[in-house]
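Pasting start-v2.tsv here (TSV, C-alpha atoms and all ligand atoms):
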```
chain	number	residue	atom	x	y	z
A	70	MET	CA	-13.19	58.50	12.77
A	71	ARG	CA	-12.54	55.29	14.71
A	72	ILE	CA	-10.78	52.36	13.08
A	73	THR	CA	-13.17	49.41	13.20
A	74	ASP	CA	-11.34	46.85	11.11
A	75	ALA	CA	-7.91	46.10	9.69
A	76	ARG	CA	-6.82	43.12	7.62
A	77	VAL	CA	-3.80	41.79	5.78
A	78	ILE	CA	-4.30	40.59	2.21
A	79	ILE	CA	-1.56	38.42	0.70
A	80	CYS	CA	-1.62	37.72	-3.02
A	81	SER	CA	0.72	36.72	-5.82
A	82	PRO	CA	-0.43	38.04	-9.20
A	83	GLY	CA	2.96	37.29	-10.82
A	84	ARG	CA	4.85	38.03	-7.60
A	85	ASN	CA	4.01	38.27	-3.89
A	86	PHE	CA	2.40	41.35	-2.36
A	87	VAL	CA	1.26	42.04	1.20
A	88	THR	CA	-1.41	44.73	1.58
A	89	LEU	CA	-2.93	46.23	4.73
A	90	LYS	CA	-6.56	47.35	4.50
A	91	VAL	CA	-7.82	49.59	7.31
A	92	THR	CA	-11.52	50.51	7.64
A	93	THR	CA	-13.18	53.24	9.74
A	94	GLU	CA	-16.61	53.42	11.34
A	95	GLU	CA	-17.73	55.64	8.44
A	96	GLY	CA	-16.91	52.79	6.06
A	97	ILE	CA	-13.89	54.55	4.56
A	98	HIS	CA	-11.03	52.17	3.79
A	99	GLY	CA	-7.36	52.92	3.25
A	100	LEU	CA	-4.56	50.76	1.83
A	101	GLY	CA	-0.91	50.40	2.72
A	102	ASP	CA	1.75	48.31	0.99
A	103	ALA	CA	3.53	45.93	3.41
A	104	THR	CA	5.62	43.92	0.93
A	105	LEU	CA	9.14	42.94	2.01
A	106	ASN	CA	10.59	40.83	-0.79
A	107	GLY	CA	11.45	37.32	0.42
A	108	ARG	CA	10.27	38.01	4.00
A	109	GLU	CA	6.60	38.70	3.23
A	110	LEU	CA	5.03	36.50	5.88
A	111	ALA	CA	7.10	38.01	8.70
A	112	VAL	CA	5.54	41.42	8.03
A	113	ALA	CA	2.08	39.87	7.64
A	114	SER	CA	2.44	38.25	11.08
A	115	TYR	CA	3.85	41.43	12.63
A	116	LEU	CA	0.76	43.29	11.43
A	117	THR	CA	-1.84	40.63	12.20
A	118	ASP	CA	-0.45	39.44	15.52
A	119	HIS	CA	1.04	42.62	16.98
A	120	ILE	CA	-0.28	45.76	15.31
A	121	ILE	CA	-3.86	45.27	14.18
A	122	PRO	CA	-5.15	44.62	17.73
A	123	LEU	CA	-3.67	48.02	18.69
A	124	LEU	CA	-5.32	49.84	15.78
A	125	ILE	CA	-8.92	48.91	16.48
A	126	GLY	CA	-10.69	51.84	18.15
A	127	ARG	CA	-7.95	54.41	17.41
A	128	ASP	CA	-8.78	57.71	15.70
A	129	ALA	CA	-7.67	57.29	12.05
A	130	ARG	CA	-6.88	61.03	11.82
A	131	ARG	CA	-4.07	60.80	14.38
A	132	ILE	CA	-1.47	59.76	11.81
A	133	GLU	CA	1.66	61.09	13.51
A	134	ASP	CA	0.59	59.91	16.95
A	135	THR	CA	-0.12	56.42	15.61
A	136	TRP	CA	3.30	56.36	13.95
A	137	GLN	CA	5.05	57.35	17.19
A	138	TYR	CA	2.92	54.90	19.17
A	139	LEU	CA	3.94	51.97	16.95
A	140	TYR	CA	7.61	53.08	16.72
A	141	LYS	CA	8.24	53.92	20.37
A	142	GLY	CA	5.72	51.40	21.69
A	143	ALA	CA	7.58	48.40	20.28
A	144	TYR	CA	10.61	49.21	22.51
A	145	TRP	CA	12.78	47.35	19.95
A	146	ARG	CA	12.88	49.96	17.23
A	147	ARG	CA	13.46	49.94	13.50
A	148	GLY	CA	14.51	47.01	11.33
A	149	PRO	CA	12.92	46.20	7.96
A	150	VAL	CA	10.05	44.05	9.30
A	151	THR	CA	8.94	46.56	11.92
A	152	MET	CA	9.35	49.56	9.65
A	153	THR	CA	7.52	47.94	6.71
A	154	ALA	CA	4.60	47.20	9.03
A	155	ILE	CA	4.57	50.79	10.35
A	156	SER	CA	4.82	52.07	6.78
A	157	ALA	CA	1.71	50.14	5.80
A	158	VAL	CA	-0.32	51.64	8.65
A	159	ASP	CA	0.92	55.16	7.92
A	160	THR	CA	0.16	54.86	4.20
A	161	ALA	CA	-3.34	53.51	4.87
A	162	LEU	CA	-4.09	56.39	7.27
A	163	TRP	CA	-3.02	59.01	4.70
A	164	ASP	CA	-5.25	57.25	2.15
A	165	ILE	CA	-8.18	57.39	4.61
A	166	LEU	CA	-7.58	61.06	5.40
A	167	GLY	CA	-7.55	61.95	1.71
A	168	LYS	CA	-10.81	60.10	1.13
A	169	ALA	CA	-12.40	61.66	4.23
A	170	VAL	CA	-11.72	65.21	3.00
A	171	ASN	CA	-12.20	64.23	-0.66
A	172	ARG	CA	-8.74	65.43	-1.79
A	173	PRO	CA	-5.79	63.65	-3.40
A	174	VAL	CA	-3.09	62.97	-0.80
A	175	TYR	CA	-0.53	65.24	-2.49
A	176	GLU	CA	-2.74	68.23	-1.69
A	177	LEU	CA	-2.54	67.33	2.00
A	178	LEU	CA	1.26	67.22	1.72
A	179	GLY	CA	1.54	70.87	0.69
A	180	GLY	CA	0.26	70.56	-2.85
A	181	ALA	CA	2.05	69.92	-6.12
A	182	SER	CA	5.59	71.31	-6.34
A	183	ARG	CA	5.74	70.31	-10.02
A	184	ASP	CA	3.44	69.32	-12.84
A	185	SER	CA	4.61	65.72	-13.12
A	186	VAL	CA	7.17	63.22	-11.87
A	187	MET	CA	10.14	62.16	-14.01
A	188	VAL	CA	10.68	58.40	-13.89
A	189	TYR	CA	13.37	56.03	-15.12
A	190	GLY	CA	12.88	52.60	-16.62
A	191	HIS	CA	15.08	49.49	-16.56
A	192	ALA	CA	16.96	48.47	-19.69
A	193	ASN	CA	19.00	45.31	-19.53
A	194	GLY	CA	20.61	42.88	-21.91
A	195	SER	CA	22.72	39.76	-22.04
A	196	ASN	CA	25.29	41.67	-24.14
A	197	VAL	CA	26.03	45.30	-25.07
A	198	ASP	CA	24.00	45.18	-28.29
A	199	ASP	CA	20.95	43.90	-26.37
A	200	THR	CA	21.30	46.62	-23.74
A	201	VAL	CA	21.63	49.28	-26.47
A	202	ALA	CA	18.44	47.94	-28.07
A	203	ALA	CA	16.64	47.91	-24.72
A	204	VAL	CA	17.64	51.52	-23.97
A	205	GLY	CA	16.43	52.40	-27.47
A	206	ARG	CA	13.00	50.94	-26.74
A	207	TYR	CA	12.68	53.13	-23.63
A	208	VAL	CA	13.84	56.24	-25.50
A	209	THR	CA	11.30	55.51	-28.24
A	210	ALA	CA	8.62	55.06	-25.57
A	211	GLY	CA	9.34	58.59	-24.37
A	212	TYR	CA	11.45	57.96	-21.30
A	213	LYS	CA	13.82	60.79	-20.37
A	214	ALA	CA	15.86	58.56	-18.06
A	215	VAL	CA	16.94	54.92	-18.35
A	216	ARG	CA	18.88	52.61	-16.06
A	217	ALA	CA	21.24	50.37	-18.05
A	218	GLN	CA	22.53	46.98	-16.86
A	219	CYS	CA	24.35	44.34	-18.89
A	220	ALA	CA	25.70	40.84	-18.44
A	221	ILE	CA	29.50	40.72	-18.21
A	222	PRO	CA	31.15	38.75	-21.04
A	223	ASP	CA	31.96	35.16	-20.02
A	224	MET	CA	30.11	35.52	-16.73
A	225	PRO	CA	26.97	33.41	-16.24
A	226	HIS	CA	25.15	35.98	-14.08
A	227	ALA	CA	24.93	39.70	-13.57
A	228	TYR	CA	22.67	41.85	-11.43
A	229	GLY	CA	19.77	43.39	-13.33
A	230	VAL	CA	19.60	41.11	-16.34
A	231	GLY	CA	16.08	39.75	-16.24
A	232	ARG	CA	13.82	37.36	-18.03
A	233	GLY	CA	11.35	39.78	-19.63
A	234	ASP	CA	11.88	43.10	-21.38
A	235	LEU	CA	9.54	45.24	-19.31
A	236	TYR	CA	9.01	43.10	-16.24
A	237	TYR	CA	12.44	42.48	-14.72
A	238	GLU	CA	11.77	40.36	-11.64
A	239	PRO	CA	14.73	39.07	-9.64
A	240	ALA	CA	12.83	36.88	-7.12
A	241	GLU	CA	12.55	33.20	-8.04
A	242	ARG	CA	10.15	30.58	-6.72
A	243	GLY	CA	11.64	28.09	-4.30
A	244	THR	CA	14.88	28.54	-2.39
A	245	PRO	CA	17.32	31.37	-3.29
A	246	PRO	CA	19.24	30.72	-6.52
A	247	GLU	CA	23.04	31.03	-6.34
A	248	THR	CA	24.79	33.42	-8.73
A	249	ALA	CA	28.47	34.09	-9.40
A	250	TRP	CA	30.27	37.42	-9.21
A	251	SER	CA	33.59	38.85	-10.39
A	252	THR	CA	34.55	42.42	-9.49
A	253	GLU	CA	37.68	42.02	-11.63
A	254	ARG	CA	35.59	41.55	-14.76
A	255	TYR	CA	32.86	44.00	-13.87
A	256	LEU	CA	35.01	47.09	-13.25
A	257	PRO	CA	36.65	47.44	-16.67
A	258	PHE	CA	33.50	46.36	-18.52
A	259	VAL	CA	30.94	48.93	-17.29
A	260	PRO	CA	32.65	52.02	-18.82
A	261	THR	CA	32.66	50.31	-22.23
A	262	LEU	CA	28.87	49.91	-21.96
A	263	PHE	CA	28.32	53.59	-21.18
A	264	GLU	CA	30.79	54.76	-23.81
A	265	ARG	CA	28.68	52.91	-26.36
A	266	LEU	CA	25.37	54.19	-24.94
A	267	ARG	CA	26.52	57.83	-25.12
A	268	ARG	CA	27.70	57.26	-28.70
A	269	GLU	CA	24.32	55.78	-29.67
A	270	PHE	CA	21.97	58.10	-27.78
A	271	GLY	CA	23.84	61.41	-27.41
A	272	PRO	CA	24.16	63.63	-24.35
A	273	ASP	CA	20.51	64.31	-23.46
A	274	VAL	CA	19.02	61.07	-22.16
A	275	HIS	CA	19.69	60.54	-18.45
A	276	LEU	CA	21.60	57.30	-17.94
A	277	LEU	CA	21.71	55.50	-14.58
A	278	HIS	CA	23.50	52.40	-13.34
A	279	ASP	CA	22.90	50.17	-10.30
A	280	VAL	CA	26.02	48.59	-8.75
A	281	HIS	CA	23.78	46.75	-6.26
A	282	HIS	CA	26.13	46.84	-3.26
A	283	ARG	CA	28.88	44.84	-4.98
A	284	LEU	CA	32.01	46.97	-4.52
A	285	THR	CA	34.33	48.30	-1.83
A	286	PRO	CA	34.67	52.08	-1.46
A	287	ILE	CA	37.95	52.33	-3.36
A	288	GLU	CA	36.61	50.10	-6.16
A	289	ALA	CA	33.52	52.31	-6.33
A	290	GLY	CA	35.76	55.38	-6.50
A	291	ARG	CA	37.54	53.83	-9.48
A	292	LEU	CA	34.25	52.98	-11.21
A	293	GLY	CA	32.80	56.44	-10.63
A	294	LYS	CA	35.95	58.08	-11.99
A	295	SER	CA	35.98	55.87	-15.09
A	296	LEU	CA	32.30	56.74	-15.75
A	297	GLU	CA	32.80	60.51	-15.51
A	298	PRO	CA	33.13	61.06	-19.29
A	299	TYR	CA	29.63	59.58	-19.75
A	300	HIS	CA	28.05	61.86	-17.09
A	301	LEU	CA	25.65	59.44	-15.45
A	302	PHE	CA	22.57	60.74	-13.67
A	303	TRP	CA	23.71	58.48	-10.83
A	304	MET	CA	25.71	55.46	-9.73
A	305	GLU	CA	23.44	53.51	-7.37
A	306	ASP	CA	24.33	51.51	-4.25
A	307	PRO	CA	28.07	51.42	-4.99
A	308	VAL	CA	28.85	49.69	-1.67
A	309	PRO	CA	26.84	48.08	1.12
A	310	ALA	CA	25.89	51.04	3.31
A	311	GLU	CA	25.92	49.70	6.85
A	312	LEU	CA	29.09	51.79	7.23
A	313	GLN	CA	27.99	55.27	6.27
A	314	GLU	CA	31.58	56.54	6.52
A	315	GLY	CA	32.51	54.30	3.60
A	316	PHE	CA	31.02	56.90	1.28
A	317	ARG	CA	33.61	59.51	2.27
A	318	LEU	CA	36.22	57.58	0.33
A	319	ILE	CA	34.05	57.24	-2.78
A	320	ARG	CA	33.30	60.96	-2.68
A	321	GLN	CA	36.99	61.86	-2.55
A	322	HIS	CA	37.60	60.10	-5.84
A	323	THR	CA	34.72	60.89	-8.18
A	324	THR	CA	32.20	63.49	-9.28
A	325	THR	CA	29.79	60.82	-10.57
A	326	PRO	CA	26.60	61.44	-8.54
A	327	ILE	CA	25.82	58.80	-5.92
A	328	ALA	CA	22.41	57.35	-4.98
A	329	VAL	CA	21.73	54.99	-2.10
A	330	GLY	CA	19.01	53.89	0.30
A	331	GLU	CA	16.56	51.38	-1.19
A	332	VAL	CA	17.16	49.01	1.75
A	333	PHE	CA	17.23	51.72	4.44
A	334	ASP	CA	14.38	51.78	6.91
A	335	SER	CA	14.77	55.10	8.71
A	336	VAL	CA	16.53	58.44	8.77
A	337	PHE	CA	19.09	56.90	11.13
A	338	ASP	CA	20.41	54.80	8.22
A	339	CYS	CA	21.27	57.92	6.24
A	340	HIS	CA	21.63	60.96	8.50
A	341	GLN	CA	25.44	60.89	8.25
A	342	LEU	CA	25.36	60.28	4.49
A	343	ILE	CA	23.11	63.31	4.12
A	344	THR	CA	24.67	65.73	6.58
A	345	SER	CA	28.20	64.94	5.34
A	346	GLN	CA	27.03	65.47	1.74
A	347	TRP	CA	28.46	62.13	0.67
A	348	ILE	CA	25.46	61.34	-1.52
A	349	ASP	CA	23.34	63.16	-4.09
A	350	TYR	CA	20.12	61.11	-4.07
A	351	ILE	CA	18.37	59.33	-1.22
A	352	ARG	CA	16.41	56.27	-2.39
A	353	THR	CA	14.34	55.46	0.69
A	354	THR	CA	10.77	54.43	-0.11
A	355	VAL	CA	7.30	54.77	1.35
A	356	VAL	CA	6.94	51.02	1.98
A	357	HIS	CA	10.25	50.34	3.70
A	358	ALA	CA	11.16	53.62	5.40
A	359	GLY	CA	8.24	54.40	7.66
A	360	GLY	CA	5.54	55.47	5.23
A	361	ILE	CA	4.75	58.90	3.86
A	362	SER	CA	5.23	60.56	7.26
A	363	HIS	CA	8.78	59.38	7.84
A	364	LEU	CA	9.83	59.74	4.21
A	365	ARG	CA	8.91	63.42	4.40
A	366	LYS	CA	11.21	63.85	7.39
A	367	ILE	CA	14.09	62.21	5.52
A	368	ALA	CA	13.43	64.41	2.49
A	369	ASN	CA	13.26	67.54	4.62
A	370	LEU	CA	16.65	66.78	6.17
A	371	ALA	CA	18.06	65.98	2.73
A	372	GLU	CA	16.80	69.28	1.34
A	373	LEU	CA	19.05	71.20	3.72
A	374	TYR	CA	22.10	69.39	2.30
A	375	HIS	CA	21.32	69.60	-1.44
A	376	VAL	CA	20.36	65.92	-1.53
A	377	ARG	CA	17.38	65.05	-3.72
A	378	THR	CA	14.99	62.09	-3.61
A	379	GLY	CA	15.05	59.12	-5.97
A	380	SER	CA	12.74	56.54	-4.44
A	381	HIS	CA	13.02	52.84	-5.11
A	382	GLY	CA	10.20	51.66	-7.37
A	383	ALA	CA	10.91	48.06	-8.32
A	384	THR	CA	8.18	45.50	-9.06
A	385	ASP	CA	8.34	44.17	-5.51
A	386	LEU	CA	6.86	47.49	-4.35
A	387	SER	CA	3.14	47.15	-5.03
A	388	PRO	CA	0.95	49.63	-6.94
A	389	VAL	CA	-0.17	50.86	-3.50
A	390	CYS	CA	3.41	51.95	-2.77
A	391	MET	CA	3.75	53.34	-6.29
A	392	ALA	CA	0.67	55.51	-5.81
A	393	ALA	CA	1.90	56.76	-2.43
A	394	ALA	CA	5.36	57.43	-3.88
A	395	LEU	CA	3.87	59.55	-6.68
A	396	HIS	CA	1.88	61.71	-4.23
A	397	PHE	CA	5.08	62.19	-2.23
A	398	ASP	CA	7.17	62.87	-5.36
A	399	LEU	CA	4.74	65.44	-6.74
A	400	SER	CA	4.67	67.37	-3.48
A	401	VAL	CA	8.19	67.23	-2.05
A	402	HIS	CA	10.35	70.17	-3.09
A	403	ASN	CA	13.68	68.33	-3.43
A	404	PHE	CA	12.39	65.54	-5.67
A	405	GLY	CA	14.97	64.14	-8.10
A	406	ILE	CA	13.56	61.15	-9.96
A	407	GLN	CA	11.33	58.13	-9.36
A	408	GLU	CA	12.19	54.54	-10.32
A	409	TYR	CA	9.39	52.93	-12.33
A	410	MET	CA	9.48	49.25	-13.17
A	411	ARG	CA	6.22	48.36	-14.78
A	412	HIS	CA	4.03	45.83	-13.02
A	413	THR	CA	2.56	42.95	-14.99
A	414	ASP	CA	-0.97	43.23	-16.35
A	415	ASP	CA	-2.10	40.69	-13.73
A	416	THR	CA	-0.78	42.92	-10.94
A	417	ASP	CA	-2.37	46.05	-12.42
A	418	LEU	CA	-5.76	44.29	-12.62
A	419	VAL	CA	-5.59	43.29	-8.94
A	420	PHE	CA	-4.63	46.87	-7.98
A	421	PRO	CA	-6.68	49.31	-10.13
A	422	HIS	CA	-5.07	52.74	-9.89
A	423	ALA	CA	-5.45	56.37	-10.94
A	424	TYR	CA	-1.75	57.05	-11.62
A	425	THR	CA	-0.68	57.42	-15.22
A	426	PHE	CA	2.47	57.38	-17.35
A	427	ALA	CA	3.05	59.39	-20.53
A	428	ASP	CA	6.15	60.87	-22.21
A	429	GLY	CA	8.56	59.73	-19.52
A	430	VAL	CA	6.66	61.27	-16.62
A	431	MET	CA	3.98	60.10	-14.20
A	432	HIS	CA	1.16	61.69	-12.25
A	433	PRO	CA	-0.68	60.25	-9.23
A	434	GLY	CA	-4.07	61.37	-10.56
A	435	ASN	CA	-6.68	63.43	-8.74
A	436	ALA	CA	-8.82	60.75	-7.13
A	437	SER	CA	-9.35	61.32	-3.42
A	438	GLY	CA	-6.86	59.54	-1.17
A	439	LEU	CA	-4.07	57.64	-2.92
A	440	GLY	CA	-6.21	56.64	-5.90
A	441	VAL	CA	-5.43	52.93	-5.70
A	442	ASP	CA	-7.59	49.97	-4.69
A	443	ILE	CA	-7.40	46.20	-4.39
A	444	ASP	CA	-9.81	43.79	-6.10
A	445	GLU	CA	-9.99	41.24	-3.31
A	446	LEU	CA	-11.90	38.62	-5.26
A	447	LEU	CA	-9.30	38.68	-8.00
A	448	ALA	CA	-6.45	38.78	-5.46
A	449	ALA	CA	-7.80	35.59	-3.88
A	450	GLN	CA	-7.18	33.78	-7.16
A	451	TYR	CA	-3.43	34.31	-6.73
A	452	PRO	CA	-2.30	32.67	-3.48
A	453	TYR	CA	1.13	33.28	-1.90
A	454	GLU	CA	4.03	31.36	-3.41
A	455	PRO	CA	7.40	31.18	-1.60
A	456	ALA	CA	9.98	33.09	-3.66
A	457	TYR	CA	13.40	34.50	-2.87
A	458	LEU	CA	16.00	36.86	-4.27
A	459	PRO	CA	19.23	35.24	-5.44
A	460	VAL	CA	22.41	35.12	-3.39
A	461	ALA	CA	25.88	35.76	-4.87
A	462	ARG	CA	29.26	34.12	-4.39
A	463	ARG	CA	32.64	35.20	-5.66
A	464	GLN	CA	34.33	32.78	-8.01
A	465	ASP	CA	36.21	31.08	-5.18
A	466	GLY	CA	32.89	30.37	-3.41
A	467	THR	CA	32.99	33.23	-0.87
A	468	MET	CA	29.58	34.76	-0.10
A	469	HIS	CA	29.21	38.23	-1.61
A	470	SER	CA	26.45	40.85	-1.52
A	471	TRP	CA	23.85	40.13	-4.19
B	1	LIG	O1	17.02	44.36	-6.49
B	1	LIG	O2	13.79	45.54	-5.52
B	1	LIG	O3	16.97	49.51	-8.03
B	1	LIG	N1	16.36	48.51	-7.97
B	1	LIG	C1	16.77	47.38	-7.38
B	1	LIG	C2	15.76	46.26	-7.30
B	1	LIG	C3	16.06	45.31	-6.14
B	1	LIG	C4	14.80	44.60	-5.74
B	1	LIG	C5	15.02	43.77	-4.49
B	1	LIG	O4	13.81	43.32	-3.95
B	1	LIG	O5	17.90	47.31	-6.95
B	1	LIG	O6	15.70	45.56	-8.51
B	2	CO	CO	18.78	49.24	-6.76
```
For this file, write the structure as structure tokens.
Amino acid sequence: MRITDARVIICSPGRNFVTLKVTTEEGIHGLGDATLNGRELAVASYLTDHIIPLLIGRDARRIEDTWQYLYKGAYWRRGPVTMTAISAVDTALWDILGKAVNRPVYELLGGASRDSVMVYGHANGSNVDDTVAAVGRYVTAGYKAVRAQCAIPDMPHAYGVGRGDLYYEPAERGTPPETAWSTERYLPFVPTLFERLRREFGPDVHLLHDVHHRLTPIEAGRLGKSLEPYHLFWMEDPVPAELQEGFRLIRQHTTTPIAVGEVFDSVFDCHQLITSQWIDYIRTTVVHAGGISHLRKIANLAELYHVRTGSHGATDLSPVCMAAALHFDLSVHNFGIQEYMRHTDDTDLVFPHAYTFADGVMHPGNASGLGVDIDELLAAQYPYEPAYLPVARRQDGTMHSW
């Protein structure tokens, strides 16, 4: 099963996506998502200029060997660009293997460990009433879990407050927009939001919140403690996680469960977080953390330490990643939850897929491979457009984590 062709397809049906398409001598093709929000073309070049020439002629069935070849063979290891490129190759090879043996990928990963995959949606509002209404729409739509974000009174910006109801999309065309941040206003406000949400929706719906790397460990400890009465499913990305030890301090102060890892690119970003039991959910994804192969290794380590998975699933992860994530989620024993931000109709038309949503849960479908494709003719109608995530500054002008 020699690889005879591999190509990068860049398109922007509402937002930018980079997709790797690998074809074998039998004419089987596999897809891998290679989208790195705001740095798309770097991954495209890494694949086209440095990886694709190495793929031609390789045996598509040697998934692990190809992974190790690309990881060890670069000499300079890891980093988001490298790992996103490796992820795309790995994902495409799993897709090809599934199609070659005519089975859905989850069956090759040990089979289904559950009947379906619980997902959470994004509710946001420019004030508490709006956020309550947005959560209500998700509950009515059958969601069992909802992430709630809200603008802070008298603050012009807040993370997670988007332009559309279902299609929150933080990247903006052109150069990165500047936003303002105040920890002083954020910390006392968030518990009032969740106090209201519990009053409105009762104890059963799972509520989540994303801090988006904005606090210090002791501030995060305070927030987690003040949210304990509202028993969140998790508090996400409380602090930037370059310093894994920072989580020890958060853990000492709160029983609010902690999730982290959407920007991690390998097990080395989280081994200490996992083995020290400082977190409850690991959010690494197929597209940014080494593909299905490496994500399984992270999940297997996490399983030993009672840490469950909760993969990133924002709109900047394409339907190809979403499909791969759902095969992984259905199979892996220590699955926790899957993030699900709906893609726009334009995106869904470019990437026809077998996965489905109903009653708050998803299923990858039973098509062979990943069950997702790309309509290249349609994709060509949406050329790349430069777009960037915002940056954030504190009120005195100091750069802050966005
Ligand atoms: O800001 O995917 O949990 N979800 C998130 C996302 C991220 C974007 C960045 O590209 O934090 O909305
Ligand atoms: Co997040």
At most 9 Å from ligand LIG 1 (chain B) (all atoms listed in the file): residue list as a count of residues only: 32
A:Gly271, A:Gly440, A:Gly190, A:Gly101 ranked by distance to ligand CO 2 (chain B), top pick (using all atoms listed in the file): A:Gly190
Spatial neighbours of range 357-369 of chain A, max dist 7 Å, only C-alpha atoms, sep filter under 2 positions, as a list in words: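 Listed by chain and then number, they are Pro149, Met152, Thr153, Ile155, Ser156, Ala157, Asp159, Thr160, Phe333, Asp334, Ser335, Val336, Thr353, Thr354, Val355, Ala371, Glu372, Leu373, Thr378 and Phe397 of chain A.
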Between CA of Asp349 in chain A and CA of Trp303 in chain A, distance in Å (one decimal): 8.2 Å
Residues near Asp428 in chain A, cut-off 9 Å, only C-alpha atoms, skip fewer than 5 positions along chain, as a PyMOL selection string: chain A and resi 210-213
Counting all atoms listed in the file, the residue of A:Arg317, A:Arg130, A:Arg463, A:Arg265 that sits nearest Ala202 in chain A: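 Looking only at the distances to Ala202 in chain A, the closest residue turns out to be A:Arg265.
Separating CA of Gly99 in chain A from CA of Gly434 in chain A is a distance of 16.5 Å.
With distances taken over all atoms listed in the file, A:Val376 is the one residue among A:Ile165, A:Met304, A:Val376, A:Ala461 lying closest to Cys339 in chain A.
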Residues within 9 Å of Ala456 in chain A, please, as a PDB file with C-alpha atoms, in the coordinates of the input. Count all atoms listed in the file; anything in the same chain fewer than 4 positions from it doesn't count.
```pdb
ATOM      1  CA  ARG A  84       4.850  38.030  -7.600  1.00  0.00           C
ATOM      2  CA  ASN A  85       4.010  38.270  -3.890  1.00  0.00           C
ATOM      3  CA  ASN A 106      10.590  40.830  -0.790  1.00  0.00           C
ATOM      4  CA  GLY A 107      11.450  37.320   0.420  1.00  0.00           C
ATOM      5  CA  ALA A 240      12.830  36.880  -7.120  1.00  0.00           C
ATOM      6  CA  GLU A 241      12.550  33.200  -8.040  1.00  0.00           C
ATOM      7  CA  ARG A 242      10.150  30.580  -6.720  1.00  0.00           C
ATOM      8  CA  GLY A 243      11.640  28.090  -4.300  1.00  0.00           C
ATOM      9  CA  THR A 244      14.880  28.540  -2.390  1.00  0.00           C
ATOM     10  CA  PRO A 245      17.320  31.370  -3.290  1.00  0.00           C
TER      11      PRO A 245
END
```
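Candidate residues A:Ala249, A:Ala129, A:Ile348, A:Ala436 were compared for distance to Asp465 in chain A, and the nearest is A:Ala249, using only C-alpha atoms.
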Distance query Leu446 in chain A at most 12 Å, only C-alpha atoms, self and fewer than 2 positions along chain excluded, as a PyMOL selection string: chain A and resi 78-80+418-420+443-444+448-452
Neighbour residues at most 10 Å from (2.2, 50.3, -5.1) (only C-alpha atoms) as number ranges by chain: A: 86, 88, 100-104, 355-356, 382-395, 412, 416-417, 420, 422, 439, 441-442
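Between CA of Leu162 in chain A and CA of Arg127 in chain A the separation is 11.0 Å.
Near range 173-189 of chain A, within 7 Å and counting all atoms listed in the file, sit Trp163, Asp164, Gly167, Tyr212, Ala214, Val215, Arg216, His396, Phe397, Asp398, Leu399, Ser400, Val401, His402, Ile406, Gln407, Glu408, Tyr409, Gly429, Val430, Met431, His432, Asn435, Ala436, Ser437, Gly438 and Leu439 of chain A; same-chain residues fewer than 6 positions away were not included.
If you measure from each of A:His282, A:Arg147, A:Arg108, A:Arg411 to ligand CO 2 (chain B) using all atoms listed in the file, the closest one turns out to be A:His282.
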